[in-house]
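Heads up, my_file_1.cif below (mmCIF, C-alpha atoms and all ligand atoms):
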data_model
#
loop_
_atom_site.label_atom_id
_atom_site.label_comp_id
_atom_site.auth_asym_id
_atom_site.auth_seq_id
_atom_site.Cartn_x
_atom_site.Cartn_y
_atom_site.Cartn_z
CA MET K 1 -13.35 -57.25 25.64
CA PRO K 2 -14.73 -57.77 29.18
CA ARG K 3 -15.95 -54.66 30.90
CA ARG K 4 -13.38 -54.77 33.72
CA ASN K 5 -10.60 -54.44 31.16
CA VAL K 6 -12.24 -51.34 29.76
CA ASP K 7 -12.26 -49.84 33.26
CA LEU K 8 -8.61 -50.63 33.74
CA ASP K 9 -7.65 -49.17 30.38
CA ASP K 10 -9.44 -45.99 31.36
CA LEU K 11 -7.73 -45.90 34.77
CA ILE K 12 -4.31 -46.37 33.19
CA ALA K 13 -5.03 -43.70 30.58
CA ARG K 14 -6.10 -41.22 33.25
CA THR K 15 -3.13 -42.13 35.43
CA ARG K 16 -0.84 -41.36 32.50
CA GLU K 17 -2.48 -37.94 32.41
CA SER K 18 -1.61 -37.58 36.11
CA ASP K 19 -5.24 -37.59 37.25
CA PRO K 20 -4.87 -37.81 41.07
CA ARG K 21 -8.09 -39.78 41.54
CA ALA K 22 -7.01 -42.41 39.02
CA VAL K 23 -3.61 -42.64 40.71
CA ALA K 24 -5.26 -43.13 44.11
CA ARG K 25 -7.61 -45.81 42.76
CA LEU K 26 -4.83 -47.74 41.08
CA ILE K 27 -2.69 -47.69 44.22
CA SER K 28 -5.67 -48.91 46.24
CA LEU K 29 -6.12 -51.75 43.76
CA VAL K 30 -2.53 -52.93 44.20
CA GLU K 31 -2.50 -52.25 47.94
CA ASN K 32 -5.52 -54.40 48.63
CA ASP K 33 -3.81 -57.23 46.84
CA SER K 34 -6.92 -57.44 44.74
CA PRO K 35 -7.37 -60.26 42.25
CA ARG K 36 -6.67 -57.57 39.67
CA LEU K 37 -3.11 -57.00 40.88
CA ARG K 38 -1.76 -59.13 38.05
CA GLU K 39 -3.84 -57.38 35.46
CA VAL K 40 -2.80 -53.97 36.79
CA ALA K 41 0.87 -54.95 36.80
CA ALA K 42 0.65 -56.09 33.20
CA ALA K 43 -1.08 -52.88 32.12
CA LEU K 44 1.46 -50.67 33.91
CA ALA K 45 4.58 -52.45 32.68
CA PRO K 46 4.93 -50.83 29.23
CA HIS K 47 4.80 -47.30 30.68
CA THR K 48 7.37 -47.57 33.46
CA GLY K 49 11.05 -46.80 33.91
CA HIS K 50 11.12 -43.01 33.97
CA ALA K 51 10.97 -42.17 37.70
CA GLN K 52 14.01 -41.87 39.90
CA VAL K 53 13.34 -43.63 43.21
CA VAL K 54 14.97 -42.09 46.27
CA GLY K 55 14.64 -43.88 49.63
CA LEU K 56 14.90 -42.07 52.95
CA THR K 57 15.54 -44.15 56.01
CA GLY K 58 16.83 -43.64 59.54
CA ALA K 59 15.85 -43.89 63.19
CA PRO K 60 12.51 -42.50 64.41
CA GLY K 61 12.46 -38.74 64.84
CA VAL K 62 15.66 -37.84 62.96
CA GLY K 63 13.66 -35.71 60.53
CA LYS K 64 12.90 -37.97 57.57
CA SER K 65 9.44 -36.49 56.98
CA THR K 66 10.68 -32.93 57.40
CA THR K 67 13.50 -33.64 54.96
CA THR K 68 11.07 -35.29 52.53
CA SER K 69 8.77 -32.27 52.65
CA ALA K 70 11.68 -29.88 52.10
CA LEU K 71 12.90 -32.00 49.18
CA VAL K 72 9.43 -31.85 47.64
CA THR K 73 9.50 -28.05 47.82
CA THR K 74 12.93 -27.89 46.19
CA LEU K 75 12.12 -30.43 43.48
CA ARG K 76 8.82 -28.68 42.69
CA ALA K 77 10.65 -25.39 42.35
CA ALA K 78 12.83 -27.12 39.75
CA GLY K 79 9.67 -28.13 37.88
CA LYS K 80 9.78 -31.84 38.76
CA LYS K 81 6.72 -33.95 39.35
CA VAL K 82 7.12 -35.70 42.70
CA GLY K 83 5.65 -38.79 44.36
CA VAL K 84 5.90 -39.46 48.08
CA LEU K 85 5.36 -42.94 49.50
CA ALA K 86 5.45 -43.28 53.29
CA VAL K 87 5.89 -46.87 54.44
CA ASP K 88 5.82 -48.06 58.03
CA PRO K 89 7.19 -51.58 57.95
CA SER K 90 6.84 -52.12 61.70
CA SER K 91 3.08 -52.12 61.53
CA PRO K 92 0.68 -54.27 59.56
CA PHE K 93 -1.68 -51.29 59.33
CA SER K 94 -1.61 -48.20 57.19
CA GLY K 95 -2.35 -44.80 58.65
CA GLY K 96 -1.61 -44.55 62.36
CA ALA K 97 2.00 -43.57 62.82
CA LEU K 98 1.98 -41.97 59.42
CA LEU K 99 -0.89 -39.58 60.08
CA GLY K 100 1.65 -37.08 61.33
CA ASP K 101 3.30 -37.23 57.93
CA ARG K 102 0.05 -36.35 56.24
CA VAL K 103 -0.28 -33.29 58.43
CA ARG K 104 3.29 -32.28 57.70
CA MET K 105 2.71 -32.82 54.01
CA GLN K 106 -0.29 -30.52 53.93
CA ASP K 107 1.79 -27.77 52.38
CA HIS K 108 1.85 -29.90 49.26
CA ALA K 109 -1.69 -31.26 49.43
CA ILE K 110 -3.16 -28.90 46.85
CA ASP K 111 -0.17 -29.05 44.50
CA GLU K 112 -1.17 -31.03 41.41
CA GLY K 113 2.44 -31.98 40.77
CA VAL K 114 2.74 -33.92 44.03
CA PHE K 115 1.29 -37.36 44.81
CA ILE K 116 1.38 -38.42 48.46
CA ARG K 117 0.49 -41.83 49.77
CA SER K 118 0.93 -43.73 53.01
CA MET K 119 1.04 -47.48 52.68
CA ALA K 120 0.27 -50.65 54.54
CA SER K 121 3.47 -52.30 55.25
CA ARG K 122 4.22 -55.86 56.17
CA GLY K 123 3.52 -58.43 53.52
CA GLN K 124 2.13 -61.86 54.28
CA LEU K 125 5.52 -63.51 54.39
CA GLY K 126 7.01 -60.88 56.67
CA GLY K 127 8.82 -58.93 54.00
CA LEU K 128 7.89 -55.53 52.73
CA SER K 129 4.46 -55.63 51.17
CA ALA K 130 4.53 -56.76 47.56
CA ALA K 131 2.33 -53.76 46.85
CA VAL K 132 5.16 -51.28 47.43
CA PRO K 133 6.96 -51.91 44.12
CA GLN K 134 3.61 -51.81 42.32
CA ALA K 135 2.69 -48.49 43.96
CA LEU K 136 6.06 -47.16 42.79
CA ARG K 137 5.12 -48.21 39.27
CA VAL K 138 1.78 -46.43 39.49
CA LEU K 139 3.54 -43.22 40.53
CA ASP K 140 6.07 -43.75 37.76
CA VAL K 141 3.29 -44.13 35.17
CA ALA K 142 1.66 -40.97 36.60
CA GLY K 143 4.72 -39.12 35.35
CA CYS K 144 6.63 -38.60 38.59
CA ASP K 145 10.21 -37.59 37.88
CA VAL K 146 11.25 -38.40 41.43
CA ILE K 147 9.58 -40.69 43.98
CA LEU K 148 10.61 -40.24 47.61
CA VAL K 149 10.05 -43.32 49.78
CA GLU K 150 10.18 -42.76 53.53
CA THR K 151 10.46 -45.72 55.89
CA VAL K 152 10.95 -45.84 59.62
CA GLY K 153 14.16 -47.66 60.29
CA VAL K 154 13.74 -51.04 61.86
CA GLY K 155 16.74 -52.96 60.59
CA GLN K 156 15.70 -55.36 57.87
CA ALA K 157 13.11 -52.93 56.50
CA GLU K 158 15.81 -50.37 55.82
CA VAL K 159 17.71 -52.89 53.79
CA GLU K 160 14.54 -53.78 51.88
CA ILE K 161 13.88 -50.13 51.09
CA ALA K 162 17.43 -49.75 49.89
CA SER K 163 16.78 -52.57 47.46
CA LEU K 164 13.77 -50.64 46.11
CA ALA K 165 15.56 -47.34 45.61
CA ASP K 166 17.97 -46.05 43.00
CA THR K 167 19.52 -43.88 45.68
CA THR K 168 19.22 -44.36 49.44
CA LEU K 169 19.56 -41.50 51.91
CA LEU K 170 20.39 -42.42 55.49
CA VAL K 171 19.17 -39.60 57.71
CA LEU K 172 20.88 -39.13 61.07
CA ALA K 173 20.66 -36.46 63.75
CA PRO K 174 22.80 -35.42 66.71
CA GLY K 175 21.89 -36.42 70.23
CA MET K 176 20.50 -39.81 69.31
CA GLY K 177 23.67 -41.85 69.28
CA ASP K 178 22.84 -42.79 65.71
CA GLY K 179 26.35 -42.47 64.36
CA ILE K 180 27.66 -45.45 66.23
CA GLN K 181 24.39 -47.38 66.29
CA ALA K 182 24.08 -47.15 62.55
CA ALA K 183 27.52 -48.68 62.15
CA LYS K 184 26.65 -51.49 64.51
CA ALA K 185 23.51 -52.35 62.62
CA GLY K 186 25.43 -52.43 59.37
CA ILE K 187 22.97 -49.85 58.11
CA ILE K 188 25.83 -47.68 56.98
CA GLU K 189 26.47 -50.12 54.16
CA ILE K 190 23.16 -49.34 52.46
CA ALA K 191 23.57 -45.56 52.36
CA ASP K 192 24.43 -43.75 49.14
CA VAL K 193 24.19 -40.35 50.82
CA PHE K 194 24.43 -39.54 54.53
CA VAL K 195 22.18 -36.69 55.62
CA VAL K 196 23.09 -35.28 59.03
CA ASN K 197 19.93 -33.38 59.88
CA LYS K 198 19.27 -30.95 62.76
CA ALA K 199 22.58 -29.28 61.97
CA ASP K 200 21.22 -26.33 63.93
CA ARG K 201 21.82 -28.43 67.05
CA ASP K 202 25.04 -29.17 68.87
CA GLY K 203 26.68 -32.40 67.90
CA ALA K 204 25.94 -32.44 64.16
CA ASP K 205 29.62 -31.93 63.36
CA GLN K 206 30.49 -34.81 65.65
CA VAL K 207 28.02 -37.11 63.86
CA ALA K 208 29.53 -36.07 60.51
CA ARG K 209 33.05 -36.71 61.84
CA ASP K 210 32.02 -40.14 63.19
CA LEU K 211 30.62 -41.04 59.78
CA ARG K 212 33.76 -39.97 57.94
CA TYR K 213 35.88 -41.88 60.44
CA MET K 214 33.82 -45.03 59.93
CA GLN K 215 34.11 -44.59 56.16
CA SER K 216 37.87 -44.39 56.52
CA LEU K 217 37.82 -47.82 58.15
CA GLY K 218 36.71 -49.35 54.88
CA GLY K 219 33.76 -51.44 53.81
CA ARG K 220 32.09 -51.76 50.47
CA HIS K 221 32.78 -48.14 49.58
CA SER K 222 36.51 -48.25 50.10
CA ASP K 223 37.60 -49.75 46.77
CA ALA K 224 39.12 -47.37 44.27
CA GLY K 225 36.53 -46.20 41.73
CA SER K 226 33.61 -47.07 43.97
CA TRP K 227 31.04 -44.54 45.11
CA ARG K 228 31.99 -42.81 48.33
CA PRO K 229 28.79 -41.63 50.02
CA PRO K 230 28.99 -37.92 50.75
CA VAL K 231 28.00 -36.52 54.14
CA VAL K 232 25.54 -33.63 53.78
CA LYS K 233 24.48 -31.47 56.71
CA THR K 234 20.92 -30.12 56.75
CA SER K 235 18.45 -28.24 58.92
CA ALA K 236 15.39 -29.54 57.18
CA ALA K 237 13.07 -27.62 59.47
CA ARG K 238 14.71 -24.40 58.23
CA ASN K 239 15.07 -25.60 54.65
CA GLU K 240 18.84 -25.38 54.92
CA GLY K 241 21.16 -27.73 53.06
CA ILE K 242 18.37 -29.24 50.96
CA ASP K 243 19.94 -28.05 47.69
CA ASP K 244 23.07 -29.94 48.70
CA VAL K 245 21.03 -33.11 49.20
CA VAL K 246 19.50 -32.72 45.73
CA ALA K 247 22.98 -32.15 44.29
CA ALA K 248 24.27 -35.29 46.04
CA ILE K 249 21.36 -37.33 44.67
CA ASP K 250 22.05 -36.05 41.15
CA LYS K 251 25.73 -36.78 41.49
CA HIS K 252 25.01 -40.31 42.65
CA ARG K 253 22.65 -40.84 39.75
CA GLY K 254 25.30 -39.58 37.33
CA TRP K 255 27.89 -41.90 38.85
CA MET K 256 25.51 -44.86 38.62
CA ALA K 257 24.68 -44.14 34.99
CA GLU K 258 28.36 -43.88 34.14
CA HIS K 259 29.22 -47.17 35.85
CA GLY K 260 26.21 -49.21 34.76
CA GLU K 261 25.11 -49.34 38.38
CA LEU K 262 21.61 -47.98 37.76
CA ALA K 263 20.80 -50.79 35.34
CA ARG K 264 22.41 -53.32 37.68
CA ARG K 265 20.36 -52.12 40.65
CA ARG K 266 17.14 -52.12 38.69
CA ARG K 267 17.76 -55.64 37.46
CA ALA K 268 18.57 -56.81 40.99
CA ARG K 269 15.36 -55.17 42.19
CA ALA K 270 13.30 -56.90 39.50
CA ALA K 271 14.98 -60.23 40.28
CA THR K 272 14.10 -59.92 43.98
CA GLU K 273 10.54 -59.08 43.08
CA ILE K 274 10.17 -61.98 40.65
CA GLU K 275 11.66 -64.36 43.17
CA ALA K 276 9.27 -63.22 45.90
CA ILE K 277 6.29 -63.63 43.60
CA ALA K 278 7.45 -67.06 42.41
CA VAL K 279 8.13 -68.35 45.92
CA GLY K 280 4.78 -66.98 47.10
CA GLU K 281 3.04 -68.73 44.22
CA VAL K 282 4.79 -72.05 44.91
CA ARG K 283 3.92 -71.76 48.60
CA GLN K 284 0.30 -71.15 47.73
CA ARG K 285 0.13 -74.06 45.33
CA PHE K 286 1.87 -76.27 47.84
CA ALA K 287 -0.66 -75.31 50.52
CA ALA K 288 -3.32 -76.64 48.18
CA VAL K 289 -1.45 -79.94 47.89
CA HIS K 290 -0.95 -80.26 51.63
CA GLY K 291 -3.12 -83.01 53.04
CA SER K 292 -3.84 -84.19 49.53
CA LYS K 293 -3.58 -87.72 48.21
CA ALA K 294 -0.38 -86.90 46.34
CA LEU K 295 1.39 -85.86 49.53
CA ASP K 296 -0.01 -88.79 51.51
CA ALA K 297 1.15 -91.22 48.87
CA ALA K 298 4.60 -89.67 48.72
CA ALA K 299 4.85 -89.81 52.53
CA ALA K 300 3.92 -93.48 52.53
CA ARG K 301 6.59 -94.24 49.93
CA VAL K 302 9.23 -92.42 51.97
CA VAL K 303 8.22 -94.39 55.12
CA ASP K 304 8.39 -97.64 53.17
CA GLY K 305 11.83 -96.77 51.90
CA ALA K 306 10.55 -96.80 48.31
CA THR K 307 11.93 -93.33 47.80
CA ASP K 308 13.80 -90.63 49.72
CA PRO K 309 12.28 -87.32 50.86
CA TYR K 310 14.39 -85.24 48.43
CA SER K 311 13.24 -87.16 45.39
CA ALA K 312 9.65 -87.09 46.68
CA ALA K 313 9.84 -83.31 47.19
CA GLU K 314 11.24 -82.83 43.70
CA GLU K 315 8.41 -84.88 42.19
CA LEU K 316 5.84 -82.83 44.10
CA ILE K 317 7.34 -79.55 42.94
CA ALA K 318 7.48 -80.77 39.36
CA ALA K 319 3.77 -81.66 39.59
CA LEU K 320 2.63 -78.30 41.08
N1 LIG K 401 15.98 -28.62 65.48
C1 LIG K 401 15.55 -29.26 64.41
N2 LIG K 401 14.46 -30.04 64.51
C2 LIG K 401 14.05 -30.69 63.40
C3 LIG K 401 14.72 -30.57 62.16
N3 LIG K 401 14.09 -31.34 61.26
C4 LIG K 401 13.07 -31.92 61.92
N4 LIG K 401 13.04 -31.54 63.20
C5 LIG K 401 12.05 -31.92 64.22
O1 LIG K 401 12.25 -33.28 64.60
C6 LIG K 401 11.00 -33.91 64.89
C7 LIG K 401 10.87 -35.17 64.07
O2 LIG K 401 10.81 -34.82 62.69
P1 LIG K 401 10.17 -35.80 61.61
O3 LIG K 401 10.42 -35.18 60.30
O4 LIG K 401 8.80 -36.15 61.99
O5 LIG K 401 11.09 -37.05 61.80
P2 LIG K 401 10.90 -38.51 61.17
O6 LIG K 401 12.25 -39.06 61.02
O7 LIG K 401 10.05 -38.44 59.96
O8 LIG K 401 10.11 -39.25 62.31
P3 LIG K 401 9.34 -40.67 62.20
O9 LIG K 401 8.58 -40.69 60.91
O10 LIG K 401 8.45 -40.68 63.39
O11 LIG K 401 10.39 -41.73 62.26
C8 LIG K 401 9.94 -32.87 64.60
O12 LIG K 401 9.55 -32.26 65.81
C9 LIG K 401 10.64 -31.90 63.69
O13 LIG K 401 10.10 -30.60 63.78
C10 LIG K 401 15.86 -29.69 62.10
O14 LIG K 401 16.48 -29.51 61.05
N5 LIG K 401 16.22 -29.08 63.24
MG MG K 402 8.26 -39.51 59.44
#

Take the structure in the file and write it out as structure tokens.
Amino acid sequence: MPRRNVDLDDLIARTRESDPRAVARLISLVENDSPRLREVAAALAPHTGHAQVVGLTGAPGVGKSTTTSALVTTLRAAGKKVGVLAVDPSSPFSGGALLGDRVRMQDHAIDEGVFIRSMASRGQLGGLSAAVPQALRVLDVAGCDVILVETVGVGQAEVEIASLADTTLLVLAPGMGDGIQAAKAGIIEIADVFVVNKADRDGADQVARDLRYMQSLGGRHSDAGSWRPPVVKTSAARNEGIDDVVAAIDKHRGWMAEHGELARRRRARAATEIEAIAVGEVRQRFAAVHGSKALDAAAARVVDGATDPYSAAEELIAAL
């Protein structure tokens, strides 16, 4: 067996024992899109499927990080192992905007049952980095019972995060006009639980009322028997209402299990991932063909009327 495989076996074994340095190394391997990404993915696959992935999204400053930190405290008190993945999809760089999160997370920094990671964000094709689902798998293999994924809300990214999570929390706060804005952006559709944070401030009740009113207008949650996202009020900075958020997450998980929704979501997530990888691969192979004799020849035949561009494209794809 080649030596690099031995290293990887060792890394996986140590990750399964929740060794934080092995976890960090494995995430770096997938994050850097290293040539070993494939190998790592294959080695992780048999050990995954345990962790519950909870996404937190919402406008800047509503209190996502504060809520995440408070959730970590509560989940740790319940004896759960917790992973935290902070993703900033608006920036192609890791660190930066997320440094503040690291500071805020310092309470948990020496806790061996907590794994915290900030991640580079935009993938090559504009979508969420392909490394995010792999990093989730690493944390899963490390034995995390719950993985909290925080993203800054910038429209499409929120939707992408929702597709990664078993349960998505949309965090809102009074005084930011979020209630109405969220509805406009269609973001409300992706929420499984609404968290109205900063309930210590005026206007939280109004935000909660706006949400309930918008729910009453219908949408995907209005069918009988479908999940109706609860509205939970919190003051994350004071650790208030966090138990209610955990209860709402548990309830949603129970509902999903009962209705086959958890399996459906996970399959949809895997399908999206496979599709992205396949399309990326085809694109890469096609780039290699571009300017090649095969393409030149096909182009000439199309110009001559010997074939049509659709047939020529199909032949090229078949030959990739
Ligand atoms: N009054 C009040 N302030 C809060 C509460 N929760 C968070 N904050 C404050 O709101 C500010 C933003 O909190 P963060 O947790 O950083 O918000 P965020 O959504 O993670 O922000 P970004 O990651 O920058 O999008 C901080 O100054 C927090 O102290 C709360 O329950 N009540
Ligand atoms: Mg934050």

Notebook entry, point to check: Using all atoms listed in the file, which residues sit within 12 Å of region 287-293 of chain K once same-chain residues fewer than 3 positions away are excluded, as JSON, numbers by chain?
Noted result: {"K": [280, 281, 282, 283, 284, 296, 297, 298, 299, 300, 313, 316, 317, 319, 320]}

For region 79-82 of chain K, please output as a tab-separated table (two decimals) with C-alpha atoms, keeping the file's coordinate frame all residues within 10 Å (counting all atoms listed in the file; exclusion window: fewer than 6 positions along the same chain).
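See result-v6.tsv below for the written result:
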chain	number	residue	atom	x	y	z
K	18	SER	CA	-1.61	-37.58	36.11
K	51	ALA	CA	10.97	-42.17	37.70
K	52	GLN	CA	14.01	-41.87	39.90
K	71	LEU	CA	12.90	-32.00	49.18
K	72	VAL	CA	9.43	-31.85	47.64
K	73	THR	CA	9.50	-28.05	47.82
K	111	ASP	CA	-0.17	-29.05	44.50
K	112	GLU	CA	-1.17	-31.03	41.41
K	113	GLY	CA	2.44	-31.98	40.77
K	114	VAL	CA	2.74	-33.92	44.03
K	115	PHE	CA	1.29	-37.36	44.81
K	116	ILE	CA	1.38	-38.42	48.46
K	139	LEU	CA	3.54	-43.22	40.53
K	140	ASP	CA	6.07	-43.75	37.76
K	142	ALA	CA	1.66	-40.97	36.60
K	143	GLY	CA	4.72	-39.12	35.35
K	144	CYS	CA	6.63	-38.60	38.59
K	145	ASP	CA	10.21	-37.59	37.88
K	146	VAL	CA	11.25	-38.40	41.43
K	147	ILE	CA	9.58	-40.69	43.98
K	148	LEU	CA	10.61	-40.24	47.61

Please report as a Markdown table every residue of chain K lying within 6 Å of ligand LIG 401 (chain K), along with the nearest atom pair and their distance in Å (one decimal), using all atoms listed in the file.
| residue | atom | partner | partner_atom | distance |
| --- | --- | --- | --- | --- |
| K:Ala59 | CA | K:LIG401 | O11 | 5.9 |
| K:Pro60 | CA | K:LIG401 | O11 | 3.1 |
| K:Gly61 | CA | K:LIG401 | O8 | 3.5 |
| K:Val62 | CA | K:LIG401 | O6 | 4.1 |
| K:Gly63 | CA | K:LIG401 | O5 | 3.2 |
| K:Lys64 | CA | K:LIG401 | O6 | 3.7 |
| K:Ser65 | CA | K:LIG401 | O7 | 3.6 |
| K:Thr66 | CA | K:LIG401 | O3 | 3.7 |
| K:Val152 | CA | K:LIG401 | O11 | 4.9 |
| K:Asn197 | CA | K:LIG401 | O14 | 5.3 |
| K:Lys198 | CA | K:LIG401 | O14 | 3.6 |
| K:Asp200 | CA | K:LIG401 | N5 | 5.7 |
| K:Ser235 | CA | K:LIG401 | O14 | 3.2 |
| K:Ala236 | CA | K:LIG401 | O14 | 4.0 |
| K:Ala237 | CA | K:LIG401 | O14 | 4.2 |

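The spacing separating CA of Arg253 (chain K) from CA of Thr167 (chain K) amounts to 7.4 Å.
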
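If all atoms listed in the file are the atoms counted, then among K:Val171, K:Val23, K:Val279, K:Leu29 the closest residue to ligand MG 402 (chain K) is K:Val171.
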
Check: Which residue out of K:Ser118, K:Asp9, K:Thr168, K:Pro35 has the minimum interatomic distance to ligand MG 402 (chain K) when only C-alpha atoms and all ligand atoms are used?
Finding: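 Using only C-alpha atoms and all ligand atoms, the shortest distance to ligand MG 402 (chain K) belongs to K:Ser118.
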
Margin query: Can you measure CA of Val87 (chain K) to CA of Glu150 (chain K) for me? One decimal in Å is fine.
Written below: 6.0 Å

Next item on the list: Rounded to one decimal place, report the atom MG of ligand MG 402 (chain K)-CA of Leu56 (chain K) distance in Å.
Entry: 9.6 Å

Next item on the list: Determine the nearest neighbour of ligand MG 402 (chain K) from the options K:Gly260, K:Asp10, K:Leu85, K:Ser28, counting only C-alpha atoms and all ligand atoms.
Entry: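 When distances to ligand MG 402 (chain K) are compared using only C-alpha atoms and all ligand atoms, the smallest one comes from K:Leu85.
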
Notebook entry, point to check: Can you list, as a list in words, every protein, DNA or RNA residue that comes within 12 Å of Trp255 (chain K) when you count all atoms listed in the file, leaving out same-chain residues fewer than 6 positions away?
Noted result: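 With the cut-off at 12 Å, the set is Asp166, Thr167, Asp192, Gly225, Ser226, Trp227, Arg228, Pro229, Ala248, Ile249, Glu261, Leu262 and Ala263 of chain K.
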
Item checked: Minimum-distance residue to ligand MG 402 (chain K), chosen among K:Gly58, K:Pro230, K:Gly49, K:Gly203 (using all atoms listed in the file) -> K:Gly58

Check: Looking at K:Leu37, K:Ala42, K:Val53, K:Val138, which one is nearest to Ala22 (chain K), with distances taken over only C-alpha atoms?
Finding: K:Val138

Item checked: K:Leu11, K:Leu75, K:Ala130, K:His108 ranked by distance to Ile277 (chain K), top pick (using all atoms listed in the file) ->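 Going through K:Leu11, K:Leu75, K:Ala130, K:His108 one by one, the smallest distance to Ile277 (chain K) is for K:Ala130.
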
Next item on the list: Please determine the residues with any atom at most 6 Å from (4.8, -49.5, 49.8) (coordinates as given in the file, with only C-alpha atoms counting) and report them as a ChimeraX atom specification.
Entry: /K:87,119,131-132

Within 10 Å of Val246 (chain K), counting all atoms listed in the file, which residues qualify if same-chain residues fewer than 4 places away don't, as a PDB file with C-alpha atoms, in the coordinates of the input?
ATOM      1  CA  LEU K  71      12.900 -32.000  49.180  1.00  0.00           C
ATOM      2  CA  THR K  74      12.930 -27.890  46.190  1.00  0.00           C
ATOM      3  CA  LEU K  75      12.120 -30.430  43.480  1.00  0.00           C
ATOM      4  CA  GLY K 241      21.160 -27.730  53.060  1.00  0.00           C
ATOM      5  CA  ILE K 242      18.370 -29.240  50.960  1.00  0.00           C
ATOM      6  CA  ASP K 250      22.050 -36.050  41.150  1.00  0.00           C
ATOM      7  CA  LYS K 251      25.730 -36.780  41.490  1.00  0.00           C
ATOM      8  CA  HIS K 252      25.010 -40.310  42.650  1.00  0.00           C
TER       9      HIS K 252
END
